[in-house]
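What follows is a single structure, written as C-alpha cells, with notes after it.
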Amino acid sequence: MATLTLDNQSYTILASGHFCQTIVWSEDLIAKVFYNEVDAQWEFDALIECNTINNLLPQAVELIQIEDAYLLIMERLDSIENFTDIPLEDREEMLEEFEEAVKELHLEGVAHGDIMRPYGVDDYWANIFITTEGIRLVDIGMVYYYDEDDPLQFKERRKKDMLDISEFANYFLFE
Ligand SMILES: Nc1ncnc2c1ncn2[C@@H]1O[C@H](COP(=O)(O)OP(=O)(O)O)[C@@H](O)[C@H]1O
Ligand SMILES: [Mg+2]
C-alpha cells in the first residue's frame, strides 16, 4: 500500500488527488494533506461551518502543520460495499434525507459545489459516501457562500447541487 512519510512517520495513503492526498490518521480519523496553508484553512473553516448546520460533512477535528504539510484531521467515513443490496424503498428514503441535508446547508448560505465531480470516467461520485448511517458528503473545497452582493451566483451553485443530486439519484436508485 502506498504511504506518505511525514516527520519520519509513515502513513497509509487512502486516496491521491491532483492537489492533495488523504491519509489514515487513526482508526476513526483521516487527514487531508495540503501543501498550501490558505487552501487548508479554507477547507477547515468550511467544514466547521457545515458541522454547525448538520452532520452531512465529516466532523472536523483540527488543522495541524507537519514539516511543509498542513493536515486537516477529520472523521473517517466508510462506504458500504454494495448499495444495490439495500432495498429500493430504503434507498429512496436515504436519498430524500440526503437532499434535505443539502437543502439545509443552502438555507444557511452554504452550497457544496462539487457533489458530482466534473472529471473521471467512473469516479463521478467519489465525494459521496453511502454509509450505514445514510448518505454523507466529503470535499468541501469548492464551497460557495451566499453573498448578498451577488445573490445570483449562489442561486446558480444551489441549482448545480440539486442537479447533481438528481444525476446521483439516477445512479443510486436505478443501478
Ligand atoms: N472523511 C473522509 N473519510 C474517508 N475517506 C475520505 C474522507 N475525505 C476524503 N476521503 C477520500 O479521499 C478522496 C479525496 O478527498 P477529497 O476531499 O475528495 O479531495 P480532492 O479535493 O482531492 O477530491 C475522497 O474521494 C475519498 O475517497
Ligand atoms: Mg473529491
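Labeling convention for the C-alpha cells: chains A, B, ... as they appear, residues from 1 per chain, ligands from 1 in order of appearance.
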Show me which residues are within 9 Å of ligand 1 counting only C-alpha atoms and all ligand atoms, and format the list as a PyMOL selection string. chain A and resi 13-24+28-32+57-60+73-79+114+117+123+125-129+137-142
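For A:Phe168, the residues within 10 Å (counting only C-alpha atoms, excluding itself and residues fewer than 6 positions away along the chain) are Leu95, Ile115, Met116, Tyr124, Trp125, Ile128, Met162 and Phe174 of chain A.
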Could you take the residues named above and write them with C-alpha atoms, as a PDB file, in the first residue's frame?
ATOM      1  CA  LEU A  95     -31.814   9.950  -0.917  1.00  0.00           C
ATOM      2  CA  ILE A 115     -21.278  16.878  -5.377  1.00  0.00           C
ATOM      3  CA  MET A 116     -20.764  15.379  -8.837  1.00  0.00           C
ATOM      4  CA  TYR A 124     -18.212  10.869 -10.560  1.00  0.00           C
ATOM      5  CA  TRP A 125     -19.400  10.012  -7.063  1.00  0.00           C
ATOM      6  CA  ILE A 128     -20.399  10.847  -1.880  1.00  0.00           C
ATOM      7  CA  MET A 162     -29.672  19.973  -6.884  1.00  0.00           C
ATOM      8  CA  PHE A 174     -31.623   2.569 -10.846  1.00  0.00           C
TER       9      PHE A 174
END
Quick one: pick out all helix (DSSP H, G or I) residues within chain A from a backbone DSSP run and write them as a ChimeraX atom specification. /A:37-53,83-85,88-107,151-174
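Of the residues listed (A:Lys160, A:Glu62, A:Tyr11, A:Tyr145), A:Lys160 shows the shortest atom-to-atom separation from A:Pro118; distances use only C-alpha atoms.
When only C-alpha atoms are used to compute distances to A:Asp39, the closest of the residues A:Ile66, A:Leu72, A:Ala169, A:Ala101 turns out to be A:Leu72.
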Have a look at atom CA of A:Phe83 and atom CA of A:Lys103 and let me know their distance in Å, one decimal. 23.3 Å
I need the strand (DSSP E) residues of stretch 37-91 of chain A per DSSP on the backbone, written as a PDB file with N, CA and C atoms, in the first residue's frame.
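The resulting part.pdb:
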ATOM      1  N   ALA A  60     -15.030  17.938  11.654  1.00  0.00           N
ATOM      2  CA  ALA A  60     -13.659  18.442  11.631  1.00  0.00           C
ATOM      3  C   ALA A  60     -13.042  18.261  13.009  1.00  0.00           C
ATOM      4  N   VAL A  61     -11.775  17.887  13.072  1.00  0.00           N
ATOM      5  CA  VAL A  61     -11.100  17.713  14.356  1.00  0.00           C
ATOM      6  C   VAL A  61     -10.087  18.827  14.586  1.00  0.00           C
ATOM      7  N   GLU A  62      -9.085  18.910  13.740  1.00  0.00           N
ATOM      8  CA  GLU A  62      -8.118  20.007  13.865  1.00  0.00           C
ATOM      9  C   GLU A  62      -7.294  20.159  12.606  1.00  0.00           C
ATOM     10  N   LEU A  63      -6.599  21.287  12.548  1.00  0.00           N
ATOM     11  CA  LEU A  63      -5.697  21.558  11.432  1.00  0.00           C
ATOM     12  C   LEU A  63      -4.302  21.688  12.025  1.00  0.00           C
ATOM     13  N   ILE A  64      -3.387  20.825  11.577  1.00  0.00           N
ATOM     14  CA  ILE A  64      -2.037  20.884  12.133  1.00  0.00           C
ATOM     15  C   ILE A  64      -1.001  20.969  11.015  1.00  0.00           C
ATOM     16  N   GLN A  65       0.172  21.444  11.364  1.00  0.00           N
ATOM     17  CA  GLN A  65       1.248  21.506  10.389  1.00  0.00           C
ATOM     18  C   GLN A  65       2.335  20.516  10.766  1.00  0.00           C
ATOM     19  N   ILE A  66       2.774  19.711   9.783  1.00  0.00           N
ATOM     20  CA  ILE A  66       3.925  18.829   9.990  1.00  0.00           C
ATOM     21  C   ILE A  66       4.865  19.075   8.808  1.00  0.00           C
ATOM     22  N   ALA A  69       3.672  20.322   5.360  1.00  0.00           N
ATOM     23  CA  ALA A  69       2.312  19.861   5.070  1.00  0.00           C
ATOM     24  C   ALA A  69       1.314  20.376   6.109  1.00  0.00           C
ATOM     25  N   TYR A  70       0.104  20.657   5.633  1.00  0.00           N
ATOM     26  CA  TYR A  70      -0.987  21.067   6.519  1.00  0.00           C
ATOM     27  C   TYR A  70      -2.001  19.933   6.511  1.00  0.00           C
ATOM     28  N   LEU A  71      -2.286  19.397   7.680  1.00  0.00           N
ATOM     29  CA  LEU A  71      -3.158  18.237   7.776  1.00  0.00           C
ATOM     30  C   LEU A  71      -4.508  18.604   8.374  1.00  0.00           C
ATOM     31  N   LEU A  72      -5.526  18.399   7.575  1.00  0.00           N
ATOM     32  CA  LEU A  72      -6.884  18.634   8.060  1.00  0.00           C
ATOM     33  C   LEU A  72      -7.397  17.288   8.567  1.00  0.00           C
ATOM     34  N   ILE A  73      -7.442  17.172   9.893  1.00  0.00           N
ATOM     35  CA  ILE A  73      -7.865  15.917  10.524  1.00  0.00           C
ATOM     36  C   ILE A  73      -9.384  15.928  10.650  1.00  0.00           C
ATOM     37  N   MET A  74     -10.005  14.860  10.208  1.00  0.00           N
ATOM     38  CA  MET A  74     -11.476  14.782  10.275  1.00  0.00           C
ATOM     39  C   MET A  74     -11.956  13.346  10.467  1.00  0.00           C
ATOM     40  N   GLU A  75     -13.208  13.251  10.819  1.00  0.00           N
ATOM     41  CA  GLU A  75     -13.882  11.959  10.957  1.00  0.00           C
ATOM     42  C   GLU A  75     -13.717  11.140   9.670  1.00  0.00           C
TER      43      GLU A  75
END
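Between atom CA of A:Leu47 and atom CA of A:Leu163 lies a distance of 22.3 Å.
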Residue neighbourhood A:Ala46, 9 Å, only C-alpha atoms, exclusion window fewer than 2 positions, as a PyMOL selection string: chain A and resi 41-44+48-51+110+140-141+143
Create the file for the chosen residues now, containing N, CA and C atoms and written as a short mmCIF file (atom, residue, chain, number, x, y, z; two decimals), in the first residue's frame.
data_model
loop_
_atom_site.label_atom_id
_atom_site.label_comp_id
_atom_site.auth_asym_id
_atom_site.auth_seq_id
_atom_site.Cartn_x
_atom_site.Cartn_y
_atom_site.Cartn_z
N GLN A 41 -6.76 26.00 5.32
CA GLN A 41 -7.58 26.80 6.25
C GLN A 41 -8.98 27.01 5.68
N TRP A 42 -9.06 27.25 4.39
CA TRP A 42 -10.34 27.45 3.70
C TRP A 42 -11.25 26.24 3.91
N GLU A 43 -10.68 25.06 3.69
CA GLU A 43 -11.48 23.84 3.79
C GLU A 43 -11.81 23.50 5.25
N PHE A 44 -10.88 23.79 6.15
CA PHE A 44 -11.13 23.55 7.57
C PHE A 44 -12.29 24.45 8.04
N ILE A 48 -16.03 23.32 9.50
CA ILE A 48 -16.54 23.79 10.80
C ILE A 48 -17.92 24.42 10.61
N GLU A 49 -18.03 25.24 9.58
CA GLU A 49 -19.31 25.89 9.29
C GLU A 49 -20.40 24.83 9.03
N CYS A 50 -20.08 23.86 8.19
CA CYS A 50 -21.05 22.79 7.88
C CYS A 50 -21.40 21.99 9.13
N ASN A 51 -20.40 21.75 9.97
CA ASN A 51 -20.64 20.98 11.20
C ASN A 51 -21.64 21.67 12.13
N VAL A 110 -24.78 28.02 2.40
CA VAL A 110 -23.61 27.22 2.00
C VAL A 110 -23.98 26.28 0.86
N ILE A 140 -15.24 19.71 0.71
CA ILE A 140 -15.95 20.99 0.73
C ILE A 140 -15.10 22.12 0.13
N GLY A 141 -14.02 21.74 -0.53
CA GLY A 141 -13.09 22.74 -1.09
C GLY A 141 -13.69 23.70 -2.11
N VAL A 143 -16.66 24.95 -1.93
CA VAL A 143 -17.80 25.60 -1.28
C VAL A 143 -18.02 27.02 -1.79
#
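In this structure, atom CA of A:Ala40 sits 23.4 Å away from atom CA of A:Arg158.
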